[in-house]
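One file, final39.pdb, carrying PDB, C-alpha atoms, pLDDT in the B column:
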ATOM      1  CA  MET D   1      50.726  12.373 -41.267  1.00 55.00           C
ATOM      2  CA  ASN D   2      51.322  15.943 -42.405  1.00 57.00           C
ATOM      3  CA  GLN D   3      50.629  16.970 -46.010  1.00 54.00           C
ATOM      4  CA  ARG D   4      54.246  17.806 -46.913  1.00 55.00           C
ATOM      5  CA  PHE D   5      55.459  14.412 -45.698  1.00 47.00           C
ATOM      6  CA  LYS D   6      52.786  12.638 -47.780  1.00 50.00           C
ATOM      7  CA  ILE D   7      53.787  14.619 -50.861  1.00 51.00           C
ATOM      8  CA  ALA D   8      57.491  13.879 -50.331  1.00 50.00           C
ATOM      9  CA  LEU D   9      56.768  10.182 -49.825  1.00 47.00           C
ATOM     10  CA  LEU D  10      54.686   9.918 -53.004  1.00 49.00           C
ATOM     11  CA  PHE D  11      57.258  11.917 -54.953  1.00 49.00           C
ATOM     12  CA  LEU D  12      60.028   9.538 -53.858  1.00 47.00           C
ATOM     13  CA  ALA D  13      57.874   6.509 -54.687  1.00 51.00           C
ATOM     14  CA  ALA D  14      57.435   7.850 -58.219  1.00 52.00           C
ATOM     15  CA  LEU D  15      61.214   7.889 -58.648  1.00 49.00           C
ATOM     16  CA  ILE D  16      61.748   4.247 -57.623  1.00 48.00           C
ATOM     17  CA  PRO D  17      61.985   1.917 -60.656  1.00 46.00           C
ATOM     18  CA  GLY D  18      58.951  -0.315 -60.920  1.00 46.00           C
ATOM     19  CA  SER D  19      56.839   1.893 -58.656  1.00 47.00           C
ATOM     20  CA  ARG D  20      55.029   3.395 -61.639  1.00 49.00           C
ATOM     21  CA  SER D  21      52.583   0.511 -61.446  1.00 45.00           C
ATOM     22  CA  MET D  22      51.383   1.873 -58.079  1.00 51.00           C
ATOM     23  CA  ALA D  23      47.873   3.293 -58.083  1.00 46.00           C
ATOM     24  CA  ALA D  24      49.049   6.685 -56.746  1.00 50.00           C
ATOM     25  CA  PRO D  25      47.869   9.566 -58.954  1.00 62.00           C
ATOM     26  CA  ARG D  26      50.479  11.680 -60.684  1.00 92.00           C
ATOM     27  CA  VAL D  27      48.751  14.841 -59.429  1.00 97.00           C
ATOM     28  CA  LEU D  28      47.641  14.937 -55.802  1.00 96.00           C
ATOM     29  CA  VAL D  29      44.512  16.877 -54.874  1.00 97.00           C
ATOM     30  CA  ALA D  30      43.929  18.200 -51.342  1.00 97.00           C
ATOM     31  CA  ASP D  31      41.491  20.506 -49.551  1.00 97.00           C
ATOM     32  CA  ALA D  32      38.951  20.739 -52.390  1.00 98.00           C
ATOM     33  CA  TRP D  33      35.806  22.791 -51.770  1.00 97.00           C
ATOM     34  CA  CYS D  34      33.300  24.975 -53.609  1.00 97.00           C
ATOM     35  CA  ARG D  35      31.765  28.168 -52.288  1.00 96.00           C
ATOM     36  CA  ALA D  36      28.058  28.195 -51.502  1.00 96.00           C
ATOM     37  CA  ALA D  37      26.160  30.584 -53.784  1.00 94.00           C
ATOM     38  CA  PRO D  38      22.648  32.013 -53.845  1.00 92.00           C
ATOM     39  CA  VAL D  39      19.922  30.329 -55.885  1.00 91.00           C
ATOM     40  CA  GLY D  40      20.192  31.523 -59.486  1.00 91.00           C
ATOM     41  CA  ALA D  41      23.908  32.356 -59.332  1.00 94.00           C
ATOM     42  CA  LEU D  42      25.452  32.377 -62.813  1.00 95.00           C
ATOM     43  CA  ALA D  43      28.767  30.897 -61.657  1.00 95.00           C
ATOM     44  CA  GLY D  44      30.491  29.387 -58.659  1.00 95.00           C
ATOM     45  CA  GLY D  45      34.055  29.268 -57.382  1.00 96.00           C
ATOM     46  CA  CYS D  46      35.907  26.118 -56.362  1.00 97.00           C
ATOM     47  CA  TYR D  47      39.274  25.835 -54.662  1.00 97.00           C
ATOM     48  CA  LEU D  48      41.862  23.127 -53.984  1.00 98.00           C
ATOM     49  CA  THR D  49      45.566  22.422 -53.723  1.00 98.00           C
ATOM     50  CA  LEU D  50      47.357  20.480 -56.475  1.00 98.00           C
ATOM     51  CA  THR D  51      50.770  18.852 -56.240  1.00 97.00           C
ATOM     52  CA  ALA D  52      52.181  17.287 -59.412  1.00 97.00           C
ATOM     53  CA  LEU D  53      54.755  14.545 -58.892  1.00 95.00           C
ATOM     54  CA  ALA D  54      56.335  15.604 -62.207  1.00 94.00           C
ATOM     55  CA  GLY D  55      55.951  19.000 -63.865  1.00 94.00           C
ATOM     56  CA  ASP D  56      52.494  19.287 -65.423  1.00 96.00           C
ATOM     57  CA  ARG D  57      49.732  21.754 -66.248  1.00 97.00           C
ATOM     58  CA  LEU D  58      46.084  21.917 -65.152  1.00 98.00           C
ATOM     59  CA  LEU D  59      44.234  22.357 -68.451  1.00 97.00           C
ATOM     60  CA  GLY D  60      40.622  22.342 -67.405  1.00 96.00           C
ATOM     61  CA  VAL D  61      37.764  21.069 -65.299  1.00 97.00           C
ATOM     62  CA  SER D  62      34.450  19.483 -66.165  1.00 97.00           C
ATOM     63  CA  THR D  63      31.461  18.780 -63.971  1.00 97.00           C
ATOM     64  CA  PRO D  64      27.950  17.438 -64.456  1.00 97.00           C
ATOM     65  CA  ALA D  65      26.918  20.106 -61.911  1.00 96.00           C
ATOM     66  CA  ALA D  66      27.388  22.981 -64.412  1.00 96.00           C
ATOM     67  CA  ASN D  67      27.330  23.818 -68.097  1.00 96.00           C
ATOM     68  CA  HIS D  68      31.147  23.961 -68.097  1.00 95.00           C
ATOM     69  CA  GLY D  69      34.155  24.747 -65.951  1.00 96.00           C
ATOM     70  CA  GLU D  70      37.181  26.996 -66.415  1.00 96.00           C
ATOM     71  CA  VAL D  71      40.530  27.663 -64.748  1.00 96.00           C
ATOM     72  CA  HIS D  72      40.605  31.348 -63.714  1.00 95.00           C
ATOM     73  CA  THR D  73      42.855  33.927 -62.137  1.00 92.00           C
ATOM     74  CA  MET D  74      41.855  37.015 -60.173  1.00 85.00           C
ATOM     75  CA  SER D  75      43.799  40.244 -59.841  1.00 77.00           C
ATOM     76  CA  MET D  76      43.235  43.728 -58.453  1.00 78.00           C
ATOM     77  CA  THR D  77      44.219  46.673 -60.650  1.00 79.00           C
ATOM     78  CA  ASP D  78      43.566  50.227 -59.415  1.00 83.00           C
ATOM     79  CA  GLY D  79      41.001  48.888 -56.957  1.00 81.00           C
ATOM     80  CA  VAL D  80      39.115  46.946 -59.632  1.00 82.00           C
ATOM     81  CA  MET D  81      38.834  43.186 -59.367  1.00 78.00           C
ATOM     82  CA  ARG D  82      39.438  41.401 -62.664  1.00 83.00           C
ATOM     83  CA  MET D  83      38.877  37.723 -63.369  1.00 85.00           C
ATOM     84  CA  ARG D  84      39.959  35.999 -66.521  1.00 87.00           C
ATOM     85  CA  GLN D  85      40.170  32.495 -67.850  1.00 91.00           C
ATOM     86  CA  LEU D  86      43.640  30.932 -68.067  1.00 92.00           C
ATOM     87  CA  VAL D  87      43.193  29.541 -71.579  1.00 91.00           C
ATOM     88  CA  ASP D  88      46.601  27.833 -71.467  1.00 94.00           C
ATOM     89  CA  GLY D  89      45.886  26.353 -68.044  1.00 95.00           C
ATOM     90  CA  LEU D  90      47.911  26.622 -64.853  1.00 97.00           C
ATOM     91  CA  ALA D  91      51.523  25.466 -64.445  1.00 97.00           C
ATOM     92  CA  LEU D  92      52.134  22.799 -61.799  1.00 97.00           C
ATOM     93  CA  PRO D  93      55.886  22.623 -61.019  1.00 97.00           C
ATOM     94  CA  ALA D  94      57.103  19.200 -59.840  1.00 96.00           C
ATOM     95  CA  GLY D  95      56.674  18.656 -56.106  1.00 96.00           C
ATOM     96  CA  VAL D  96      55.281  22.146 -55.425  1.00 97.00           C
ATOM     97  CA  ALA D  97      51.862  22.528 -53.782  1.00 98.00           C
ATOM     98  CA  VAL D  98      49.870  24.985 -55.929  1.00 98.00           C
ATOM     99  CA  ALA D  99      46.906  26.430 -54.018  1.00 97.00           C
ATOM    100  CA  LEU D 100      43.859  27.570 -55.959  1.00 97.00           C
ATOM    101  CA  LYS D 101      42.137  29.853 -53.472  1.00 94.00           C
ATOM    102  CA  PRO D 102      39.827  32.855 -53.129  1.00 92.00           C
ATOM    103  CA  GLY D 103      41.547  35.995 -54.397  1.00 89.00           C
ATOM    104  CA  GLY D 104      43.886  34.113 -56.750  1.00 92.00           C
ATOM    105  CA  GLU D 105      43.750  31.229 -59.179  1.00 95.00           C
ATOM    106  CA  HIS D 106      40.559  29.189 -58.844  1.00 96.00           C
ATOM    107  CA  LEU D 107      38.091  27.028 -60.734  1.00 97.00           C
ATOM    108  CA  MET D 108      34.874  28.560 -62.034  1.00 96.00           C
ATOM    109  CA  ILE D 109      31.845  26.450 -62.736  1.00 96.00           C
ATOM    110  CA  ILE D 110      29.704  28.329 -65.225  1.00 96.00           C
ATOM    111  CA  SER D 111      25.888  28.091 -65.342  1.00 96.00           C
ATOM    112  CA  PRO D 112      25.416  25.677 -62.417  1.00 96.00           C
ATOM    113  CA  LYS D 113      22.814  22.968 -62.956  1.00 94.00           C
ATOM    114  CA  GLN D 114      22.413  22.500 -59.198  1.00 92.00           C
ATOM    115  CA  THR D 115      22.071  24.887 -56.288  1.00 93.00           C
ATOM    116  CA  LEU D 116      25.469  25.457 -54.690  1.00 95.00           C
ATOM    117  CA  LYS D 117      24.128  24.964 -51.169  1.00 96.00           C
ATOM    118  CA  ALA D 118      26.348  24.377 -48.134  1.00 96.00           C
ATOM    119  CA  GLY D 119      26.416  20.689 -47.284  1.00 97.00           C
ATOM    120  CA  GLY D 120      26.180  19.545 -50.913  1.00 97.00           C
ATOM    121  CA  VAL D 121      28.972  18.346 -53.184  1.00 97.00           C
ATOM    122  CA  VAL D 122      30.230  19.177 -56.662  1.00 98.00           C
ATOM    123  CA  PRO D 123      31.709  16.264 -58.625  1.00 98.00           C
ATOM    124  CA  MET D 124      34.572  17.482 -60.821  1.00 98.00           C
ATOM    125  CA  THR D 125      37.071  15.935 -63.192  1.00 98.00           C
ATOM    126  CA  LEU D 126      40.383  17.763 -63.501  1.00 98.00           C
ATOM    127  CA  ARG D 127      42.287  17.454 -66.798  1.00 97.00           C
ATOM    128  CA  PHE D 128      46.057  17.742 -67.031  1.00 97.00           C
ATOM    129  CA  ALA D 129      48.574  17.994 -69.879  1.00 95.00           C
ATOM    130  CA  LYS D 130      50.411  14.806 -68.833  1.00 95.00           C
ATOM    131  CA  ALA D 131      48.728  13.133 -65.864  1.00 96.00           C
ATOM    132  CA  PRO D 132      45.520  11.151 -66.231  1.00 96.00           C
ATOM    133  CA  PRO D 133      42.299  12.935 -65.254  1.00 97.00           C
ATOM    134  CA  VAL D 134      41.442  13.045 -61.552  1.00 97.00           C
ATOM    135  CA  THR D 135      37.807  12.954 -60.407  1.00 97.00           C
ATOM    136  CA  ILE D 136      36.946  14.438 -57.015  1.00 98.00           C
ATOM    137  CA  GLN D 137      33.914  15.300 -54.902  1.00 98.00           C
ATOM    138  CA  ALA D 138      34.261  18.882 -53.639  1.00 98.00           C
ATOM    139  CA  PRO D 139      32.099  19.719 -50.615  1.00 98.00           C
ATOM    140  CA  ILE D 140      30.140  22.959 -50.807  1.00 97.00           C
ATOM    141  CA  ARG D 141      30.671  25.288 -47.860  1.00 96.00           C
ATOM    142  CA  VAL D 142      30.267  28.923 -46.886  1.00 94.00           C
ATOM    143  CA  GLY D 143      33.407  30.990 -47.522  1.00 82.00           C
ATOM    144  CA  PRO D 144      34.629  34.255 -45.996  1.00 74.00           C
ATOM    145  CA  PRO D 145      31.998  37.038 -46.347  1.00 59.00           C
ATOM    146  CA  ALA D 146      34.213  39.537 -48.257  1.00 41.00           C
ATOM    147  CA  ALA D 147      35.194  36.948 -50.861  1.00 44.00           C
ATOM    148  CA  ALA D 148      31.586  35.798 -51.185  1.00 43.00           C
ATOM    149  CA  ALA D 149      30.528  39.348 -52.100  1.00 42.00           C
ATOM    150  CA  SER D 150      33.219  39.492 -54.788  1.00 47.00           C
ATOM    151  CA  MET D 151      32.130  36.132 -56.185  1.00 47.00           C
ATOM    152  CA  ALA D 152      28.481  37.222 -56.381  1.00 46.00           C
ATOM    153  CA  LYS D 153      29.524  40.115 -58.658  1.00 45.00           C
ATOM    154  CA  HIS D 154      31.471  37.732 -60.934  1.00 47.00           C
TER
END
Could you render the structure as structure tokens?
Amino acid sequence: MNQRFKIALLFLAALIPGSRSMAAPRVLVADAWCRAAPVGALAGGCYLTLTALAGDRLLGVSTPAANHGEVHTMSMTDGVMRMRQLVDGLALPAGVAVALKPGGEHLMIISPKQTLKAGGVVPMTLRFAKAPPVTIQAPIRVGPPAAAASMAKH
């Protein structure tokens, strides 16, 4: 079943009276992964796609695999890459798939407590303004080489 059809089906189910008792989360998480990083890295990047069934906001992330997590954005200005924390979180419009990906919005795990080695996993709990928290297991994998070099500098 394709991802858009699943999202549409869950969105419609949320609108049916009495369906609120269903166990479906109010924010869907797809394609989660974290980038492998060298031993001793000070931070790591994680990526995923979020679809809120009703308008919401991603406020933060926590993980036992790091000291803390943050929602970040990345931009290029005059050839200089800049990353900054989104202190107010990230808007999640109703029914719209919001991709957190290399080169854009992403999750940063700061001061990892484990080696971010390909084949491992990073447990994370995502916090939202309205929806209940969602806990996921993000596999660690090797990302594109150019993005990995940018992440190492961060």
Original post:
Applied to this file, what does the PyMOL selection byres ((chain D and resi 75) around 12) return in terms of residues, put as a list in words?
Top reply: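 On the file shown, the PyMOL selection byres ((chain D and resi 75) around 12) covers His72, Thr73, Met74, Met76, Thr77, Asp78, Gly79, Val80, Met81, Arg82, Met83, Arg84, Gln85, Pro102, Gly103, Gly104, Glu105, His106 and Ser150 of chain D.
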For the interface of stretch 39-91 of chain D with stretch 116-122 of chain D (cut-off 9 Å, counting only C-alpha atoms), please tabulate each contacting residue of stretch 39-91 of chain D alongside its nearest pair of atoms and their separation in Å to one decimal, rows sorted by chain and increasing number, as CSV.
residue,atom,partner,partner_atom,distance
D:Val39,CA,D:Leu116,CA,7.5
D:Ala41,CA,D:Leu116,CA,8.5
D:Gly44,CA,D:Leu116,CA,7.5
D:Cys46,CA,D:Val122,CA,9.0
D:Thr63,CA,D:Val122,CA,7.4
D:Pro64,CA,D:Val122,CA,8.3
D:Ala65,CA,D:Val122,CA,6.3
Could you give me, as a PDB file with C-alpha atoms, keeping the file's coordinate frame, the residues within 10 Å of D:Ala131, counting all atoms listed in the file and dropping anything in the same chain fewer than 4 positions from it?
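Result file out-v2.pdb:
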ATOM      1  CA  PRO D  25      47.869   9.566 -58.954  1.00 62.00           C
ATOM      2  CA  ARG D  26      50.479  11.680 -60.684  1.00 92.00           C
ATOM      3  CA  VAL D  27      48.751  14.841 -59.429  1.00 97.00           C
ATOM      4  CA  ALA D  52      52.181  17.287 -59.412  1.00 97.00           C
ATOM      5  CA  LEU D  53      54.755  14.545 -58.892  1.00 95.00           C
ATOM      6  CA  ALA D  54      56.335  15.604 -62.207  1.00 94.00           C
ATOM      7  CA  GLY D  55      55.951  19.000 -63.865  1.00 94.00           C
ATOM      8  CA  ASP D  56      52.494  19.287 -65.423  1.00 96.00           C
ATOM      9  CA  ARG D  57      49.732  21.754 -66.248  1.00 97.00           C
ATOM     10  CA  LEU D  58      46.084  21.917 -65.152  1.00 98.00           C
ATOM     11  CA  LEU D 126      40.383  17.763 -63.501  1.00 98.00           C
ATOM     12  CA  ARG D 127      42.287  17.454 -66.798  1.00 97.00           C
TER      13      ARG D 127
END
Subject >> One-decimal distance in Å that lies between atom CA of D:Gly45 and atom CA of D:Ala32 >> reply: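 So the two atoms, atom CA of D:Ala32 and atom CA of D:Gly45, lie 11.0 Å apart.
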**OP:** Could you tell me which residues the PyMOL selection byres ((chain D and resi 66) around 8) returns for this structure, as a PyMOL selection string?
**Re:** chain D and resi 63-65+67-69+109-114
Subject >> Nearest candidate to D:Glu70 (options D:Ala138, D:Ala99, D:Ala129, D:Met108; using all atoms listed in the file) >> reply: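 That would be D:Met108, the residue with the smallest distance to D:Glu70.
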Around all of stretch 139-144 of chain D's listed atoms, make the axis-aligned box with 4 Å on each side and tell me centre and edge lengths in Å to one decimal, as AutoDock Vina command-line options.
--center_x 32.4 --center_y 27.0 --center_z -48.4 --size_x 12.5 --size_y 22.5 --size_z 12.8
**OP:** May I ask for the distance between atom CA of D:Leu100 and atom CA of D:Ala37, given in Å to one decimal place?
**Re:**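 So the answer is 18.1 Å.
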**OP:** Point out the residue among D:Thr115, D:Ser62, D:Thr51, D:Gln137 with the least atom-to-atom distance to D:Trp33, counting all atoms listed in the file.
**Re:**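 Among the listed residues, D:Gln137 lies closest to D:Trp33.
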**OP:** Please provide the set of residues having any atom within 9 Å of D:Asp31, restricted to all atoms listed in the file, with same-chain residues fewer than 5 positions apart removed, written as a PyMOL selection string.
**Re:** chain D and resi 47-49+138
Subject >> Two-atom distance - atom CA of D:Ala94, atom CA of D:Pro132 (Å) >> reply: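 Atom CA of D:Pro132 lies at a distance of 15.5 Å from atom CA of D:Ala94.
The shortest atom-to-atom distance to D:Thr125, with all atoms listed in the file taken into account, belongs to D:Leu107 out of D:Leu107, D:Val87, D:Ala36, D:Val98.
Counting only C-alpha atoms, the residue from D:Val134, D:Gly60, D:Pro93, D:Lys101 that sits nearest to D:Arg35 is D:Lys101.
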Rebuild stretch 62-80 of chain D to N, CA and C atoms - output it as a PDB file, in the frame of the given file, please.
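Just written: selection_7.pdb:
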ATOM      1  N   SER D  62      35.816  19.729 -65.702  1.00 97.00           N
ATOM      2  CA  SER D  62      34.450  19.483 -66.165  1.00 97.00           C
ATOM      3  C   SER D  62      33.642  18.976 -64.981  1.00 97.00           C
ATOM      4  N   THR D  63      32.351  19.208 -65.036  1.00 97.00           N
ATOM      5  CA  THR D  63      31.461  18.780 -63.971  1.00 97.00           C
ATOM      6  C   THR D  63      30.048  18.614 -64.506  1.00 97.00           C
ATOM      7  N   PRO D  64      29.359  17.563 -64.076  1.00 97.00           N
ATOM      8  CA  PRO D  64      27.950  17.438 -64.456  1.00 97.00           C
ATOM      9  C   PRO D  64      27.074  18.447 -63.701  1.00 97.00           C
ATOM     10  N   ALA D  65      27.661  19.152 -62.725  1.00 96.00           N
ATOM     11  CA  ALA D  65      26.918  20.106 -61.911  1.00 96.00           C
ATOM     12  C   ALA D  65      26.800  21.487 -62.558  1.00 96.00           C
ATOM     13  N   ALA D  66      27.426  21.671 -63.746  1.00 96.00           N
ATOM     14  CA  ALA D  66      27.388  22.981 -64.412  1.00 96.00           C
ATOM     15  C   ALA D  66      27.521  22.795 -65.923  1.00 96.00           C
ATOM     16  N   ASN D  67      27.204  23.851 -66.645  1.00 96.00           N
ATOM     17  CA  ASN D  67      27.330  23.818 -68.097  1.00 96.00           C
ATOM     18  C   ASN D  67      28.772  23.550 -68.514  1.00 96.00           C
ATOM     19  N   HIS D  68      29.724  24.226 -67.864  1.00 95.00           N
ATOM     20  CA  HIS D  68      31.147  23.961 -68.097  1.00 95.00           C
ATOM     21  C   HIS D  68      31.972  24.577 -66.978  1.00 95.00           C
ATOM     22  N   GLY D  69      33.246  24.223 -66.956  1.00 96.00           N
ATOM     23  CA  GLY D  69      34.155  24.747 -65.951  1.00 96.00           C
ATOM     24  C   GLY D  69      35.363  25.380 -66.614  1.00 96.00           C
ATOM     25  N   GLU D  70      36.008  26.292 -65.899  1.00 96.00           N
ATOM     26  CA  GLU D  70      37.181  26.996 -66.415  1.00 96.00           C
ATOM     27  C   GLU D  70      38.195  27.198 -65.295  1.00 96.00           C
ATOM     28  N   VAL D  71      39.466  27.300 -65.677  1.00 96.00           N
ATOM     29  CA  VAL D  71      40.530  27.663 -64.748  1.00 96.00           C
ATOM     30  C   VAL D  71      40.678  29.182 -64.851  1.00 96.00           C
ATOM     31  N   HIS D  72      40.591  29.876 -63.730  1.00 95.00           N
ATOM     32  CA  HIS D  72      40.605  31.348 -63.714  1.00 95.00           C
ATOM     33  C   HIS D  72      41.712  31.897 -62.826  1.00 95.00           C
ATOM     34  N   THR D  73      42.009  33.167 -63.037  1.00 92.00           N
ATOM     35  CA  THR D  73      42.855  33.927 -62.137  1.00 92.00           C
ATOM     36  C   THR D  73      42.118  35.211 -61.780  1.00 92.00           C
ATOM     37  N   MET D  74      42.460  35.770 -60.629  1.00 85.00           N
ATOM     38  CA  MET D  74      41.855  37.015 -60.173  1.00 85.00           C
ATOM     39  C   MET D  74      42.981  37.974 -59.826  1.00 85.00           C
ATOM     40  N   SER D  75      42.815  39.231 -60.195  1.00 77.00           N
ATOM     41  CA  SER D  75      43.799  40.244 -59.841  1.00 77.00           C
ATOM     42  C   SER D  75      43.076  41.539 -59.512  1.00 77.00           C
ATOM     43  N   MET D  76      43.761  42.393 -58.765  1.00 78.00           N
ATOM     44  CA  MET D  76      43.235  43.728 -58.453  1.00 78.00           C
ATOM     45  C   MET D  76      44.119  44.746 -59.151  1.00 78.00           C
ATOM     46  N   THR D  77      43.503  45.618 -59.958  1.00 79.00           N
ATOM     47  CA  THR D  77      44.219  46.673 -60.650  1.00 79.00           C
ATOM     48  C   THR D  77      43.495  47.989 -60.386  1.00 79.00           C
ATOM     49  N   ASP D  78      44.169  48.929 -59.739  1.00 83.00           N
ATOM     50  CA  ASP D  78      43.566  50.227 -59.415  1.00 83.00           C
ATOM     51  C   ASP D  78      42.242  50.067 -58.677  1.00 83.00           C
ATOM     52  N   GLY D  79      42.198  49.102 -57.757  1.00 81.00           N
ATOM     53  CA  GLY D  79      41.001  48.888 -56.957  1.00 81.00           C
ATOM     54  C   GLY D  79      39.885  48.148 -57.667  1.00 81.00           C
ATOM     55  N   VAL D  80      40.136  47.669 -58.875  1.00 82.00           N
ATOM     56  CA  VAL D  80      39.115  46.946 -59.632  1.00 82.00           C
ATOM     57  C   VAL D  80      39.508  45.475 -59.715  1.00 82.00           C
TER      58      VAL D  80
END
